[in-house]
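Have a look at entry_21.cif; it's mmCIF, C-alpha atoms:
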```cif
data_coords
loop_
_atom_site.label_atom_id
_atom_site.label_comp_id
_atom_site.auth_asym_id
_atom_site.auth_seq_id
_atom_site.Cartn_x
_atom_site.Cartn_y
_atom_site.Cartn_z
CA MET A 1 -2.64 51.04 18.82
CA THR A 2 -0.76 53.33 16.50
CA ALA A 3 0.06 50.49 14.13
CA GLN A 4 -2.19 50.11 11.12
CA ARG A 5 -3.78 46.83 10.16
CA VAL A 6 -1.47 44.80 7.91
CA LEU A 7 -3.01 42.45 5.35
CA VAL A 8 -0.75 39.49 4.70
CA VAL A 9 -3.03 36.85 3.22
CA LEU A 10 -0.90 36.17 0.13
CA VAL A 11 -1.62 32.52 -0.62
CA ALA A 12 -4.34 33.22 -3.17
CA GLY A 13 -2.30 35.93 -4.84
CA ILE A 14 0.74 33.68 -5.11
CA PHE A 15 -1.39 30.88 -6.56
CA LEU A 16 -2.90 33.15 -9.22
CA ALA A 17 0.50 34.57 -10.05
CA GLY A 18 1.74 31.04 -10.63
CA CYS A 19 -1.12 30.37 -13.04
CA THR A 20 -0.89 33.59 -15.05
CA SER A 21 2.70 34.72 -14.71
CA SER A 22 4.49 35.68 -17.90
CA GLY A 23 7.79 34.67 -16.31
CA ASN A 24 8.81 38.19 -15.37
CA PRO A 25 10.04 38.05 -11.74
CA ASP A 26 9.00 41.68 -11.23
CA GLU A 27 5.32 40.66 -11.55
CA SER A 28 5.40 38.21 -8.62
CA ASP A 29 5.00 39.06 -4.94
CA PRO A 30 8.27 39.60 -3.09
CA PRO A 31 9.36 36.77 -0.81
CA VAL A 32 8.85 37.09 2.92
CA VAL A 33 12.10 38.07 4.60
CA VAL A 34 12.44 36.50 8.06
CA PRO A 35 15.41 37.73 10.12
CA THR A 36 18.09 35.08 10.52
CA ASP A 37 19.18 36.37 13.93
CA PRO A 38 17.08 34.46 16.52
CA LYS A 39 16.41 37.47 18.75
CA ALA A 40 15.46 39.65 15.79
CA ALA A 41 13.20 36.90 14.43
CA LEU A 42 11.49 36.58 17.81
CA ALA A 43 10.90 40.33 18.03
CA ALA A 44 9.58 40.45 14.46
CA SER A 45 7.23 37.53 15.06
CA THR A 46 4.76 39.71 17.00
CA THR A 47 4.54 42.51 14.43
CA GLU A 48 1.21 41.32 13.07
CA LEU A 49 -0.20 40.83 16.55
CA ARG A 50 0.23 44.56 16.96
CA ALA A 51 -1.45 45.05 13.57
CA GLY A 52 -4.60 43.75 15.24
CA ASN A 53 -6.24 41.03 13.13
CA TYR A 54 -5.95 37.59 14.71
CA ALA A 55 -7.60 35.00 16.95
CA PHE A 56 -6.04 33.49 20.05
CA THR A 57 -6.39 30.85 22.73
CA ALA A 58 -4.45 30.61 25.97
CA GLN A 59 -3.99 28.17 28.82
CA THR A 60 -2.76 28.75 32.37
CA PRO A 61 -2.57 26.44 35.39
CA THR A 62 -5.89 27.90 36.60
CA GLY A 63 -7.90 28.47 33.44
CA ALA A 64 -8.14 29.35 29.78
CA ALA A 65 -8.83 32.26 27.45
CA ARG A 66 -9.82 32.82 23.87
CA GLY A 67 -10.72 35.75 21.70
CA ALA A 68 -10.32 37.66 18.46
CA VAL A 69 -9.27 41.18 17.51
CA HIS A 70 -10.34 43.21 14.47
CA LEU A 71 -8.58 46.52 14.83
CA ALA A 72 -9.88 48.01 11.58
CA SER A 73 -13.39 48.09 13.10
CA LYS A 74 -12.08 48.72 16.64
CA SER A 75 -13.75 45.56 17.88
CA ALA A 76 -12.77 42.45 19.81
CA THR A 77 -14.08 39.52 21.83
CA VAL A 78 -12.53 37.93 24.90
CA GLU A 79 -13.61 34.97 27.01
CA LEU A 80 -11.83 33.97 30.23
CA THR A 81 -12.64 30.86 32.24
CA THR A 82 -11.24 29.63 35.52
CA THR A 83 -11.24 26.08 36.78
CA GLY A 84 -11.25 24.64 40.27
CA PRO A 85 -13.87 24.38 43.00
CA GLU A 86 -15.46 27.72 42.00
CA PRO A 87 -15.29 27.94 38.17
CA THR A 88 -16.13 31.27 36.57
CA ARG A 89 -16.54 32.67 33.07
CA PHE A 90 -15.95 36.27 31.98
CA GLU A 91 -17.03 37.22 28.44
CA ALA A 92 -16.45 40.61 26.89
CA VAL A 93 -17.39 42.26 23.61
CA VAL A 94 -15.75 45.49 22.51
CA VAL A 95 -17.19 47.58 19.70
CA GLU A 96 -15.65 50.98 20.28
CA PRO A 97 -16.63 53.06 22.11
CA ASP A 98 -18.86 50.49 23.84
CA ARG A 99 -18.11 47.45 25.96
CA TRP A 100 -20.33 44.65 27.23
CA VAL A 101 -19.55 41.83 29.63
CA ARG A 102 -21.33 38.66 30.69
CA LEU A 103 -20.40 37.09 34.03
CA THR A 104 -21.05 33.51 35.05
CA ALA A 105 -20.26 31.95 38.43
CA ASP A 106 -21.76 29.41 40.79
CA THR A 107 -23.93 31.45 43.15
CA SER A 108 -26.00 28.54 44.43
CA GLY A 109 -24.68 29.14 47.94
CA LEU A 110 -25.88 32.74 47.89
CA ALA A 111 -29.23 31.74 46.44
CA ALA A 112 -29.67 29.19 49.21
CA ALA A 113 -28.80 31.80 51.83
CA LEU A 114 -31.64 33.99 50.60
CA ASP A 115 -34.14 31.38 51.74
CA ASN A 116 -33.05 31.92 55.33
CA VAL A 117 -33.11 35.73 55.40
CA ASP A 118 -35.70 37.36 57.63
CA THR A 119 -36.91 40.10 55.30
CA THR A 120 -39.08 41.64 58.03
CA ASP A 121 -35.86 43.06 59.46
CA ALA A 122 -34.79 46.19 57.54
CA GLU A 123 -31.07 45.43 57.75
CA ALA A 124 -31.58 41.82 56.71
CA ALA A 125 -33.85 42.90 53.87
CA ALA A 126 -31.13 45.24 52.55
CA LEU A 127 -28.64 42.39 52.75
CA ALA A 128 -31.02 40.13 50.84
CA ALA A 129 -31.43 42.75 48.12
CA GLY A 130 -27.67 42.89 47.70
CA LEU A 131 -27.43 39.12 47.52
CA ARG A 132 -30.15 38.96 44.85
CA GLU A 133 -28.33 41.57 42.78
CA THR A 134 -25.10 39.55 43.06
CA VAL A 135 -26.86 36.34 42.04
CA GLU A 136 -28.33 38.09 39.01
CA LEU A 137 -25.01 39.78 38.18
CA PHE A 138 -23.20 36.43 37.93
CA SER A 139 -26.07 34.45 36.41
CA GLY A 140 -24.66 34.63 32.88
CA GLN A 141 -28.15 35.38 31.58
CA SER A 142 -27.60 38.98 30.50
CA TRP A 143 -24.99 41.07 28.76
CA LEU A 144 -24.07 44.08 30.88
CA HIS A 145 -23.23 47.34 29.13
CA VAL A 146 -20.20 49.07 30.64
CA GLU A 147 -20.67 52.82 30.73
CA ALA A 148 -17.77 54.80 29.30
CA GLY A 149 -15.76 56.43 32.05
CA LYS A 150 -16.94 54.13 34.84
CA ALA A 151 -14.46 51.32 34.21
CA LYS A 152 -11.36 51.49 36.38
CA PRO A 153 -8.29 52.28 34.23
CA GLY A 154 -6.31 49.07 33.90
CA GLY A 155 -9.10 47.07 35.55
CA ASP A 156 -10.81 43.95 34.24
CA LEU A 157 -13.52 46.02 32.53
CA ASP A 158 -11.01 48.29 30.79
CA ILE A 159 -10.25 46.26 27.66
CA ASP A 160 -8.03 48.73 25.86
CA LEU A 161 -7.49 48.33 22.11
CA SER A 162 -4.86 51.07 22.08
CA ASP A 163 -2.57 48.04 22.40
CA PRO A 164 -4.02 45.51 19.95
CA ASP A 165 -2.01 42.63 21.39
CA LEU A 166 -4.49 41.46 24.02
CA THR A 167 -2.42 38.31 24.61
CA GLY A 168 0.60 40.15 25.99
CA ALA A 169 2.90 37.98 23.88
CA SER A 170 4.69 41.02 22.45
CA ALA A 171 5.66 42.24 25.91
CA LEU A 172 6.74 38.76 26.99
CA VAL A 173 9.07 38.13 24.05
CA ALA A 174 10.47 41.64 24.43
CA GLY A 175 11.88 40.38 27.71
CA ALA A 176 13.82 37.54 26.07
CA LEU A 177 17.23 37.14 27.68
CA THR A 178 18.72 34.23 25.75
CA VAL A 179 17.51 32.73 22.48
CA GLN A 180 18.38 29.76 20.30
CA ARG A 181 16.71 28.88 17.04
CA ASP A 182 16.02 25.57 15.30
CA ASN A 183 14.10 26.19 12.07
CA ARG A 184 10.71 27.58 13.19
CA THR A 185 11.26 26.99 16.90
CA ILE A 186 12.93 29.52 19.19
CA THR A 187 13.82 28.61 22.77
CA GLY A 188 15.48 30.44 25.61
CA ARG A 189 14.68 32.35 28.76
CA LEU A 190 12.60 35.49 29.28
CA ASP A 191 12.13 38.03 32.05
CA ALA A 192 8.38 38.04 32.75
CA SER A 193 8.75 40.82 35.31
CA LYS A 194 9.26 43.22 32.39
CA ALA A 195 5.97 42.31 30.68
CA GLY A 196 4.20 45.19 32.40
CA GLY A 197 1.09 43.23 33.35
CA SER A 198 -0.23 43.15 29.79
CA GLY A 199 -2.36 40.31 28.48
CA LEU A 200 -2.22 36.84 29.99
CA LEU A 201 0.21 37.52 32.83
CA ASP A 202 -0.79 40.32 35.20
CA THR A 203 1.67 42.33 37.27
CA ASP A 204 0.59 40.89 40.63
CA THR A 205 1.00 37.29 39.49
CA ALA A 206 4.43 37.99 37.99
CA ALA A 207 5.49 39.70 41.22
CA ALA A 208 4.25 36.75 43.30
CA MET A 209 6.54 34.45 41.30
CA GLY A 210 9.46 36.21 42.93
CA ALA A 211 12.95 36.25 41.47
CA ALA A 212 12.16 33.19 39.34
CA ALA A 213 9.98 35.37 37.08
CA LYS A 214 13.14 37.04 35.82
CA SER A 215 14.31 33.89 34.03
CA LEU A 216 11.52 31.63 32.75
CA PRO A 217 12.23 28.96 30.11
CA PHE A 218 10.15 29.52 26.97
CA THR A 219 9.47 28.04 23.54
CA ALA A 220 8.14 30.09 20.63
CA THR A 221 6.87 28.59 17.38
CA LEU A 222 6.72 30.60 14.14
CA ASP A 223 4.87 29.94 10.89
CA ASP A 224 6.44 30.02 7.43
CA ARG A 225 6.03 33.80 7.35
CA GLY A 226 7.85 34.25 10.64
CA ARG A 227 4.68 35.05 12.59
CA LEU A 228 4.24 33.83 16.15
CA THR A 229 1.80 30.92 16.36
CA ARG A 230 2.56 29.69 19.88
CA LEU A 231 4.41 30.90 22.95
CA GLU A 232 4.71 28.75 26.04
CA PHE A 233 6.70 29.09 29.22
CA ASP A 234 7.07 27.26 32.51
CA ALA A 235 6.42 29.30 35.63
CA PRO A 236 6.64 28.70 39.38
CA ALA A 237 3.71 28.94 41.78
CA ALA A 238 2.36 32.42 42.48
CA ASP A 239 0.03 32.73 45.47
CA ASP A 240 -3.04 30.65 44.52
CA VAL A 241 -1.72 29.89 41.02
CA PRO A 242 0.13 26.55 40.99
CA ALA A 243 3.37 25.99 39.13
CA GLY A 244 2.91 24.86 35.56
CA LYS A 245 2.88 25.67 31.88
CA TRP A 246 1.41 28.86 30.42
CA SER A 247 0.70 29.02 26.69
CA ILE A 248 -0.63 31.40 24.04
CA SER A 249 -1.64 30.19 20.57
CA ILE A 250 -2.36 32.60 17.71
CA ALA A 251 -4.12 31.83 14.42
CA GLY A 252 -6.22 33.46 11.71
CA TYR A 253 -3.91 36.37 10.96
CA GLY A 254 -5.76 38.76 8.63
CA GLU A 255 -8.88 36.56 8.60
CA GLN A 256 -11.02 38.06 11.38
CA ALA A 257 -14.33 39.85 10.80
CA PRO A 258 -15.76 42.81 12.71
CA THR A 259 -17.38 41.87 16.00
CA ALA A 260 -21.12 42.45 16.30
CA LYS A 261 -22.78 44.00 19.33
CA PRO A 262 -24.39 41.41 21.62
CA THR A 263 -28.06 40.61 21.11
CA GLY A 264 -30.70 39.21 23.43
CA ALA A 265 -30.87 40.29 27.06
CA VAL A 266 -28.75 43.43 27.51
CA LYS A 267 -28.76 45.57 30.67
CA GLU A 268 -26.73 48.40 32.11
CA MET A 269 -23.97 47.34 34.50
CA PRO A 270 -25.15 48.10 38.07
CA ALA A 271 -22.92 50.02 40.46
CA SER A 272 -22.29 46.81 42.39
CA GLY A 273 -20.96 45.23 39.20
CA TYR A 274 -18.21 47.83 38.81
CA GLU A 275 -17.23 47.26 42.44
CA ALA A 276 -17.31 43.45 42.18
CA VAL A 277 -15.41 43.11 38.91
CA ASP A 278 -13.11 46.14 38.86
CA GLY A 279 -12.47 46.23 42.60
#
```
Output the file's structure in the form of structure tokens.
Amino acid sequence: MTAQRVLVVLVAGIFLAGCTSSGNPDESDPPVVVPTDPKAALAASTTELRAGNYAFTAQTPTGAARGAVHLASKSATVELTTTGPEPTRFEAVVVEPDRWVRLTADTSGLAAALDNVDTTDAEAAALAAGLRETVELFSGQSWLHVEAGKAKPGGDLDIDLSDPDLTGASALVAGALTVQRDNRTITGRLDASKAGGSGLLDTDTAAAMGAAAKSLPFTATLDDRGRLTRLEFDAPAADDVPAGKWSISIAGYGEQAPTAKPTGAVKEMPASGYEAVDG
């Protein structure tokens, strides 16, 4: 992130100016200039995402995400959940240079299998030890500290604030092909294959969508300052991901606080954790 944090919370300042103004227009805050060209307005709408002070939620056909970014303190939180027969939850806290994750999944099947392991056999005992470590890893009971340098670049443990837009919305709208605007709503088609695997839509999923990913219908909603508040698009099926609507909602521009380090049970990420999560 080379962009600096931009503070744009002007409501209070405008209100006070209205109460105390002497009538000189030079003493009031300048009006917000939103580009009239739809494509330019869409591109400008993600400027403050890249400034790195916002909260977000997201929905996909297989799960949801939420989080917040506070670039000034180099901190962020992210929570990803998946639905279906084997729901999972991935939580992450970033307070540079440290990262912590908490993993939750249904490991009841593994736990049950442990009851049937013959631990008098050396090979079976080693297998049981690995199963116990996996059950503990995905128990959701402890935060796991990720050691710097051990996370795979670009992997799930490598939450990189050098690009403060964790949602990937900036990359998605940069691929807009056609745009039409109606007040604060911009519609059109975008090329998701150009998003570069950032944020919500990873490279593998976009590739699995095939040629259809190159022209997805989208709707973007802006606030009265021209900032993106929602981006949604319809996408075809991609491997195990069914066809459906994907959405990103952004709020709380300029209102986020620094993220605190996790408290309670905190452990070091075991070697098996890097292998299981980062592949």
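Residues matched by the PyMOL selection byres ((chain A and resi 189) around 8) in this file: Ala176, Leu177, Thr178, Val179, Thr187, Gly188, Leu190, Asp191, Ser215, Leu216, Pro217 and Phe218 of chain A.
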Starting from the PyMOL selection byres ((chain A and resi 129) around 12), expand the selection into actual residues of this file and give them as a PyMOL selection string. chain A and resi 110-111+113-114+117-119+122-128+130-136+272
Using all atoms listed in the file, can you tell me which of A:Gly273, A:Pro258, A:Gly252, A:Pro236 comes closest to A:Pro61?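 Nearest to A:Pro61: A:Pro236.
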Produce a table with one row for each residue of stretch 138-199 of chain A that has an atom at most 7 Å from any atom of stretch 41-47 of chain A, each row naming the nearest atom pair and its distance in Å at one decimal; use only C-alpha atoms; arrange rows by chain and rising residue number; format as JSON lines.
```
{"residue": "A:Ser170", "atom": "CA", "partner": "A:Thr46", "partner_atom": "CA", "distance": 5.6}
{"residue": "A:Val173", "atom": "CA", "partner": "A:Ala43", "partner_atom": "CA", "distance": 6.7}
{"residue": "A:Ala174", "atom": "CA", "partner": "A:Ala43", "partner_atom": "CA", "distance": 6.5}
```
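The smallest atom-to-atom distance between A:Phe56 and any of A:Gly155, A:Gly199, A:Gly175, A:Pro38, using only C-alpha atoms, is found for A:Gly199.
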Can you pull out the residues contacting A:Thr185? Cut-off 7 Å, using only C-alpha atoms, and skip same-chain residues under 4 positions away; I want them as an NGL selection string. :A and (181 or 219-222)
Using only C-alpha atoms: which of A:Val241, A:Met209, A:Ile159, A:Leu103 has the shortest distance to A:Ala76: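 Closest to A:Ala76 of all the choices is A:Ile159.
Nearest residue to A:Ser162 among A:Thr120, A:Ser75, A:Ser193, A:Ser108 is A:Ser75, counting all atoms listed in the file.
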Using all atoms listed in the file for the distances, tell me which of A:Lys74, A:Glu275, A:Ala243, A:Thr57 is nearest to A:Leu157.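 Ranking A:Lys74, A:Glu275, A:Ala243, A:Thr57 by distance to A:Leu157, first place goes to A:Glu275.
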Enter the distance from atom CA of A:Arg230 to atom CA of A:Ile248, in Å, rounded to one decimal. 5.5 Å
